[in-house]
Structures are given as structure tokens and as C-alpha cells.
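Q: Once you've had a glance at the structure underneath, I'll fire off some questions.
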Number of protein chains: 2
Amino acid sequence: MSKKEKIIKVASKYFSEVGYDKASLDDVAKEVGVSKAAIYYHFKDKFALYEAVLCSRFGELAKIIDKIDESKPIEALREYIESFGKFLVDKPCFSAIFARELADGAMNMPQSCSKQMSLNLQKLSKILQNGEAENIFAKENAFMVQMMIVTPLINYRTTKKLREVVMANLRDVKNIDVDLEDIIPNLASKIIKALKC
Amino acid sequence: MSKKEKIIKVASKYFSEVGYDKASLDDVAKEVGVSKAAIYYHFKDKFALYEAVLCSRFGELAKIIDKIDESKPIEALREYIESFGKFLVDKPCFSAIFARELADGAMNMPQSCSKQMSLNLQKLSKILQNGEAENIFAKENAFMVQMMIVTPLINYRTTKKLREVVMANLRDVKNIDVDLEDIIPNLASKIIKALKC
DNA sequence: CCTTACTTACTTACTCGTCAGTAAGTTTAT
DNA sequence: ATAAACTTACTGACGAGTAAGTAAGTAAGG
């Protein structure tokens, strides 16, 4: 792995763990084993490094989503949700970064990333429209459905500690802290049920 | 309104708009019309001010949720979702702060707040259990249902600009940017449908 | 095949701005 | 008079970004 790739990898860990502002490039440099100026050799500034992290992830995701066959609406919707879920499981840093980005109003999301998010939404929109044409789904606001899928999943990862605190507070509420992997098919089934005519 | 209350109000605006780290107490002080040291007269440090903001909001929310009559599961669930939604509409600063807190893993959420969040979850859990006992709902993970309710709603507010960007990218995907008020009953119906046996 | 010119990929050592937090003094209300 | 509610003016630390230097490699010319 090149130094540049290593910088991206370590930076994505820091951005994920502590957020953009608290992530210190001094720390990133120290962990990579280079000087801070080496980061500035490869990236124009802190934000360019963040862009590199974000774009690589959103690019991978968009590729996966793009492959989904949208002809059978229910199967396609399940695959859409499960693909997204699997991506979060595979890329543990992505959940927190994405969640922060949404919470932040996607204020500093590079154009290329928002374009790829748009493509994902377009895919979902087509799936829903096909379902509507076949009288399987009712007419829906695609963005809202997107939010129903994306936000519970990305925030599930980020709230692990919160679940522990809540479980400590409430002894009678059980079985709260389930693995993300088990949550995904459950959410998929619920959303499909909610959308079916 | 006392200076202290005014500080909390302005601070909550800044925390909401730019997040904890970027919110500068110099800016808060300037907008309130006091010196920064006046903030330190009323609050031990920046985090204590943040706690005050957070606790006042979570306290109000918990009071509202606590009043819900949980005997009729479906009506109670609808009221739970709509009360939460209404709270977000009434307190526009809360969405972003809550969203950031969840994205952050609720790392710096004061105990008193996580306790009140636990109480909300307990209410939801009771509603679900009553529904289960009456064979209206299946057995559910209350935390996951909580996430399905809370995360789309809080992130809906924060993603207004993202929706505009997406709509500019995709001309054929229409009617995405609906008011939060209209989203709430829609989400409530969908979640109830998803949970019904 | 070896020297010169140039590039790549860094390092060291700094600057500069911002911002949380404070010490000490001042005004205001009771 | 004295306590509460401030203000002024500062410190100290941290972190983004940079200027200047350098070792190692590559290409070109003689």
C-alpha cells in the first residue's frame, strides 16, 4: 500500500471516530508514520483529504447499487436495502462519516459524492415507479423512503454505546443490542411490508 | 428572558447550525450581547452549556412522551410518532443537535439525557408489548423501532439542502421536497403497517 | 558509463489564527 | 455594604497550513 493510500485509510478512521473537525492531521501523520507536510504533499488541504475519503466510498457504493436489476420491484427493493446494509457492515468507517454528513446537512459534501447519491436515489425511484406501475406499491416520495432505509442503518452502528447505556437503565427492556447483520433483513421486510399496497 | 436563558437559546442555535466544535462562544456572546466571560459566570465550561441546552430539550420531550396513554397500541404508537414529529417541528434546533449526537455515538451525552431517552424507549417498549399481548404486533426489538421513527425524522430537517441538490441533479424524480409536517403522518402510517401482524 | 539537471516524495521547523478558559477589576441591585 | 452579575484584557494550547531544505531516483547529454 502506498503512503497516499495509507493516509486515506488512517484519515478515514479518524474522520469516522471523531468527526472532521476533531480529526487532527498531526495525529493522522503520526499514525501513518509520516510528517504532516507529507499529507499536504498529496492533498491540497484537509478538506481535499476528506473528499478523497468520501468519494472513494461513495463511488464503491454507487457501483454496487447500479448493478441491481430493477425489473422485479419487491426483489429489487430487498436487494437495494440489503446491498446498502452489507456495504455498511463491510466498511465500518462509512456509517459514522455518512451519519455525520447527513446530520451536518451535507454542507461539505463534494459534488461528485452528491451526484452518486442522486444516482442511488434514481435507482430507488425507478424501483418504486415500477412497483407503482404494477400496482404493487402506492405512489411514494422516494427521498423519504431513502431516509427510512439509510438513516436507521447508518445510525445503528453509531449508537452501540447508547444501546448499552439504555440497557443498563432499563433492565426490563431486553434484546436490544442485536448485530447490524441481523437488523438488515428485518428492516428490509418491514419496509417492503409498509410500501406494499 | 434572563441573560442565562438567552445564552442557552443562542447557544442552541449555534450548536444546531454548526455543531459543538465549530460553535464559538465568542460568537454566542456577541449575539447575546454579553462578554464571553459572562457565559463562564453562568456555566462551568462549554460542555456544561451544551448539557444545559441538551437537557432542557430532552426534558421537554420526555414530558410529552410520558403523557401518552399506552393502552390502545395502534393509537398510542401513532401518537408516539406524531408527538415526536411535532416536537421537531416546534423546536427547529433540536433535529440537528440530536442527529449529530446520534452520529457521534452519543459520546458526550449527559447521563440525565440518556436517562430520559431511556424512559422514552420504555414507553415505546410498553406500547409494543401491549400490542404483542393483543396479537396486534409481532415481537419487536424496541430500539430498532425507535431508530425507524427517530432517525428519518431528525435527518429530514437536516437534509433540506441535500434534497435541493438531488432535485437539481435528477429532473425526473419529482416531489421530493415535502414539508416535515406532511412527512410525519405518512411515516406513522407506514411504521404501523410494517409492525401490524 | 558517468555527470548534470530535474522530479518525486518527503522532513524539519516554523507561522498564524482561533478559541477555550481565566484573573482581576467594575457595575448594579438589594 | 456586599453579593451577584457582569467586563476587560489577557494566556495558553492546539491545529491548519507553509517555506525551505533534502535524499533518492530518473532521464538526457556527452
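Ordering of the C-alpha cells sets the chain letters (A, B, ...), residue numbers begin anew at 1 in every chain, and ligands are numbered from 1 in the order given.
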Output as JSON lines one row per residue of chain A within 6 Å of chain B: the closest atom pair and its distance in Å to one decimal place, counting only C-alpha atoms, sorted by chain and residue number ascending.

A:
{"residue": "A:Ala96", "atom": "CA", "partner": "B:Ala103", "partner_atom": "CA", "distance": 5.8}
{"residue": "A:Ala99", "atom": "CA", "partner": "B:Ala103", "partner_atom": "CA", "distance": 5.1}
{"residue": "A:Arg100", "atom": "CA", "partner": "B:Ala103", "partner_atom": "CA", "distance": 5.3}
{"residue": "A:Ala103", "atom": "CA", "partner": "B:Ala99", "partner_atom": "CA", "distance": 5.1}
{"residue": "A:Gly105", "atom": "CA", "partner": "B:Thr158", "partner_atom": "CA", "distance": 4.7}
{"residue": "A:Ser118", "atom": "CA", "partner": "B:Val166", "partner_atom": "CA", "distance": 5.3}
{"residue": "A:Asn141", "atom": "CA", "partner": "B:Ile176", "partner_atom": "CA", "distance": 5.8}
{"residue": "A:Phe143", "atom": "CA", "partner": "B:Ile176", "partner_atom": "CA", "distance": 5.8}
{"residue": "A:Met147", "atom": "CA", "partner": "B:Pro152", "partner_atom": "CA", "distance": 5.3}
{"residue": "A:Met148", "atom": "CA", "partner": "B:Pro152", "partner_atom": "CA", "distance": 5.6}
{"residue": "A:Thr151", "atom": "CA", "partner": "B:Thr151", "partner_atom": "CA", "distance": 5.5}
{"residue": "A:Pro152", "atom": "CA", "partner": "B:Met147", "partner_atom": "CA", "distance": 5.3}
{"residue": "A:Thr158", "atom": "CA", "partner": "B:Gly105", "partner_atom": "CA", "distance": 4.7}
{"residue": "A:Thr159", "atom": "CA", "partner": "B:Gly105", "partner_atom": "CA", "distance": 4.8}
{"residue": "A:Val166", "atom": "CA", "partner": "B:Ser118", "partner_atom": "CA", "distance": 5.3}
{"residue": "A:Ile176", "atom": "CA", "partner": "B:Phe143", "partner_atom": "CA", "distance": 5.8}
{"residue": "A:Lys190", "atom": "CA", "partner": "B:Ala194", "partner_atom": "CA", "distance": 4.9}
{"residue": "A:Lys193", "atom": "CA", "partner": "B:Ala194", "partner_atom": "CA", "distance": 5.4}
{"residue": "A:Ala194", "atom": "CA", "partner": "B:Ala194", "partner_atom": "CA", "distance": 4.7}

Q: Up to 9 Å from chain D, what residues of chain B turn up? Count only C-alpha atoms (C1' of nucleotides) and give them as a PDB file with C-alpha atoms, in the first residue's frame.

A:
ATOM      1  CA  VAL B  34     -22.612  39.985  26.685  1.00  0.00           C
ATOM      2  CA  SER B  35     -18.933  39.239  27.108  1.00  0.00           C
ATOM      3  CA  ALA B  37     -16.757  35.702  30.469  1.00  0.00           C
ATOM      4  CA  ALA B  38     -20.430  36.223  31.273  1.00  0.00           C
ATOM      5  CA  TYR B  41     -20.135  33.117  35.021  1.00  0.00           C
TER       6      TYR B  41
END

Q: For the atom pair CA of Lys46 (chain B) and CA of Lys13 (chain A), what is the interatomic distance in Å to one decimal place?

A: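 Pair CA of Lys46 (chain B) / CA of Lys13 (chain A) returns 26.3 Å.
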
Q: Could you produce a table of the residues of chain B lying within 10 Å of chain C, with the nearest pair of atoms per residue and their separation in Å rounded to one decimal, using only C-alpha atoms (C1' of nucleotides), ordered by chain and increasing residue number, as JSON lines?

A:
{"residue": "B:Lys22", "atom": "CA", "partner": "C:DC19", "partner_atom": "C1'", "distance": 9.8}
{"residue": "B:Ala23", "atom": "CA", "partner": "C:DC19", "partner_atom": "C1'", "distance": 9.9}
{"residue": "B:Ser24", "atom": "CA", "partner": "C:DC19", "partner_atom": "C1'", "distance": 7.1}
{"residue": "B:Leu25", "atom": "CA", "partner": "C:DC19", "partner_atom": "C1'", "distance": 8.1}
{"residue": "B:Asp26", "atom": "CA", "partner": "C:DC19", "partner_atom": "C1'", "distance": 8.0}
{"residue": "B:Lys36", "atom": "CA", "partner": "C:DG21", "partner_atom": "C1'", "distance": 9.8}
{"residue": "B:Ala37", "atom": "CA", "partner": "C:DT22", "partner_atom": "C1'", "distance": 8.6}
{"residue": "B:Tyr40", "atom": "CA", "partner": "C:DG21", "partner_atom": "C1'", "distance": 8.4}
{"residue": "B:Lys44", "atom": "CA", "partner": "C:DG21", "partner_atom": "C1'", "distance": 9.8}
{"residue": "B:Asp45", "atom": "CA", "partner": "C:DG21", "partner_atom": "C1'", "distance": 7.8}
{"residue": "B:Lys46", "atom": "CA", "partner": "C:DA20", "partner_atom": "C1'", "distance": 7.8}

Q: Export, as an mmCIF file, in the first residue's frame, the selected residues with N, CA and C atoms.

A:
data_model
loop_
_atom_site.group_PDB
_atom_site.id
_atom_site.type_symbol
_atom_site.label_atom_id
_atom_site.label_comp_id
_atom_site.auth_asym_id
_atom_site.auth_seq_id
_atom_site.Cartn_x
_atom_site.Cartn_y
_atom_site.Cartn_z
ATOM 1 N N LYS B 22 -17.515 23.592 16.171
ATOM 2 C CA LYS B 22 -17.396 24.841 15.422
ATOM 3 C C LYS B 22 -18.135 25.998 16.088
ATOM 4 N N ALA B 23 -19.022 25.680 17.016
ATOM 5 C CA ALA B 23 -19.747 26.747 17.709
ATOM 6 C C ALA B 23 -18.778 27.496 18.611
ATOM 7 N N SER B 24 -18.606 28.793 18.331
ATOM 8 C CA SER B 24 -17.653 29.587 19.104
ATOM 9 C C SER B 24 -18.381 30.397 20.166
ATOM 10 N N LEU B 25 -17.888 30.306 21.380
ATOM 11 C CA LEU B 25 -18.526 31.041 22.480
ATOM 12 C C LEU B 25 -18.358 32.544 22.311
ATOM 13 N N ASP B 26 -17.328 32.962 21.607
ATOM 14 C CA ASP B 26 -17.188 34.387 21.282
ATOM 15 C C ASP B 26 -18.387 34.847 20.449
ATOM 16 N N LYS B 36 -17.822 37.160 26.702
ATOM 17 C CA LYS B 36 -17.677 35.701 26.803
ATOM 18 C C LYS B 36 -17.588 35.251 28.258
ATOM 19 N N ALA B 37 -16.918 36.070 29.059
ATOM 20 C CA ALA B 37 -16.757 35.702 30.469
ATOM 21 C C ALA B 37 -18.099 35.599 31.184
ATOM 22 N N TYR B 40 -19.144 32.196 31.143
ATOM 23 C CA TYR B 40 -18.427 31.403 32.146
ATOM 24 C C TYR B 40 -18.865 31.735 33.566
ATOM 25 N N LYS B 44 -19.982 26.361 33.867
ATOM 26 C CA LYS B 44 -18.621 25.939 34.214
ATOM 27 C C LYS B 44 -17.715 25.987 32.983
ATOM 28 N N ASP B 45 -18.165 25.393 31.910
ATOM 29 C CA ASP B 45 -17.368 25.395 30.681
ATOM 30 C C ASP B 45 -18.299 25.179 29.488
ATOM 31 N N LYS B 46 -17.724 25.083 28.319
ATOM 32 C CA LYS B 46 -18.518 24.957 27.101
ATOM 33 C C LYS B 46 -19.429 23.736 27.160
#

Q: What residues in region 39-181 of chain B get the DSSP label helix (DSSP H, G or I)? Please answer as a PyMOL selection string.

A: chain B and resi 39-42+46-66+73-90+92-103+111-133+142-158+160-169+180-181

Q: Create the file for the chosen residues now, containing C-alpha atoms and written as a short mmCIF file (atom, residue, chain, number, x, y, z; two decimals), in the first residue's frame.

A:
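Generated output (result.cif):
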data_model
loop_
_atom_site.label_atom_id
_atom_site.label_comp_id
_atom_site.auth_asym_id
_atom_site.auth_seq_id
_atom_site.Cartn_x
_atom_site.Cartn_y
_atom_site.Cartn_z
CA ILE B 39 -21.06 32.78 29.80
CA TYR B 40 -18.43 31.40 32.15
CA TYR B 41 -20.14 33.12 35.02
CA HIS B 42 -23.27 31.05 34.36
CA LYS B 46 -18.52 24.96 27.10
CA PHE B 47 -19.67 21.42 27.73
CA ALA B 48 -21.82 22.48 30.68
CA LEU B 49 -23.57 24.96 28.40
CA TYR B 50 -24.10 22.18 25.87
CA GLU B 51 -25.53 19.99 28.62
CA ALA B 52 -27.93 22.73 29.61
CA VAL B 53 -29.14 23.04 26.02
CA LEU B 54 -29.49 19.31 25.62
CA CYS B 55 -31.13 18.60 28.96
CA SER B 56 -33.77 21.29 28.61
CA ARG B 57 -34.84 19.86 25.25
CA PHE B 58 -34.78 16.23 26.28
CA GLY B 59 -36.67 17.09 29.44
CA GLU B 60 -39.49 18.75 27.50
CA LEU B 61 -39.65 15.83 25.08
CA ALA B 62 -39.76 13.23 27.84
CA LYS B 63 -42.66 15.07 29.49
CA ILE B 64 -44.67 14.97 26.27
CA ILE B 65 -43.96 11.31 25.60
CA ASP B 66 -44.70 10.34 29.18
CA PRO B 73 -51.36 0.08 20.98
CA ILE B 74 -52.02 1.41 17.48
CA GLU B 75 -53.34 4.78 18.59
CA ALA B 76 -50.55 5.02 21.13
CA LEU B 77 -47.88 4.25 18.54
CA ARG B 78 -49.32 6.84 16.17
CA GLU B 79 -49.35 9.40 18.97
CA TYR B 80 -45.77 8.49 19.94
CA ILE B 81 -44.56 9.13 16.39
CA GLU B 82 -46.64 12.26 15.85
CA SER B 83 -45.68 13.75 19.23
CA PHE B 84 -42.04 13.28 18.41
CA GLY B 85 -42.55 14.77 14.97
CA LYS B 86 -44.44 17.74 16.35
CA PHE B 87 -41.65 18.35 18.84
CA LEU B 88 -39.14 18.52 15.99
CA VAL B 89 -41.36 20.95 14.11
CA ASP B 90 -41.77 23.16 17.20
CA PRO B 92 -36.22 23.53 14.92
CA CYS B 93 -32.79 23.47 16.61
CA PHE B 94 -33.33 20.06 18.13
CA SER B 95 -33.16 17.97 14.95
CA ALA B 96 -29.59 18.83 14.06
CA ILE B 97 -28.32 18.57 17.63
CA PHE B 98 -29.96 15.19 18.13
CA ALA B 99 -28.82 13.95 14.72
CA ARG B 100 -25.22 14.95 15.47
CA GLU B 101 -25.42 13.34 18.88
CA LEU B 102 -26.54 10.02 17.37
CA ALA B 103 -23.94 10.23 14.59
CA GLN B 111 -26.47 10.93 31.98
CA SER B 112 -29.66 12.83 32.66
CA CYS B 113 -30.39 12.98 28.93
CA SER B 114 -29.68 9.34 28.24
CA LYS B 115 -31.94 8.53 31.18
CA GLN B 116 -34.76 10.49 29.59
CA MET B 117 -34.11 8.80 26.27
CA SER B 118 -34.35 5.50 28.10
CA LEU B 119 -37.72 6.49 29.50
CA ASN B 120 -38.96 7.29 26.01
CA LEU B 121 -37.80 3.90 24.83
CA GLN B 122 -39.50 2.28 27.80
CA LYS B 123 -42.77 3.90 26.78
CA LEU B 124 -42.36 2.65 23.22
CA SER B 125 -41.45 -0.78 24.51
CA LYS B 126 -44.63 -0.91 26.60
CA ILE B 127 -46.73 0.11 23.62
CA LEU B 128 -45.16 -2.66 21.55
CA GLN B 129 -45.56 -5.21 24.34
CA ASN B 130 -49.23 -4.33 24.79
CA GLY B 131 -49.67 -4.74 21.06
CA GLU B 132 -47.92 -8.07 21.22
CA ALA B 133 -50.17 -9.24 24.04
CA ALA B 142 -37.84 -1.74 20.57
CA PHE B 143 -34.57 0.05 19.89
CA MET B 144 -34.77 -0.73 16.22
CA VAL B 145 -38.33 0.56 16.04
CA GLN B 146 -37.17 3.66 17.88
CA MET B 147 -34.47 4.16 15.25
CA MET B 148 -37.01 3.68 12.45
CA ILE B 149 -39.07 6.50 13.94
CA VAL B 150 -36.43 8.92 15.17
CA THR B 151 -33.67 8.85 12.56
CA PRO B 152 -35.70 9.58 9.42
CA LEU B 153 -37.47 12.45 11.14
CA ILE B 154 -34.44 14.16 12.64
CA ASN B 155 -32.46 13.76 9.44
CA TYR B 156 -35.29 15.02 7.28
CA ARG B 157 -34.80 18.53 8.64
CA THR B 158 -31.04 18.42 8.35
CA LYS B 160 -33.11 20.12 3.17
CA LYS B 161 -30.19 21.37 1.10
CA LEU B 162 -29.27 17.87 0.06
CA ARG B 163 -32.78 17.40 -1.33
CA GLU B 164 -32.37 20.57 -3.37
CA VAL B 165 -29.06 19.34 -4.78
CA VAL B 166 -30.54 15.93 -5.58
CA MET B 167 -33.54 17.51 -7.28
CA ALA B 168 -31.22 19.65 -9.39
CA ASN B 169 -29.32 16.51 -10.42
CA LEU B 180 -41.72 17.82 7.58
CA GLU B 181 -45.31 18.24 8.80
#
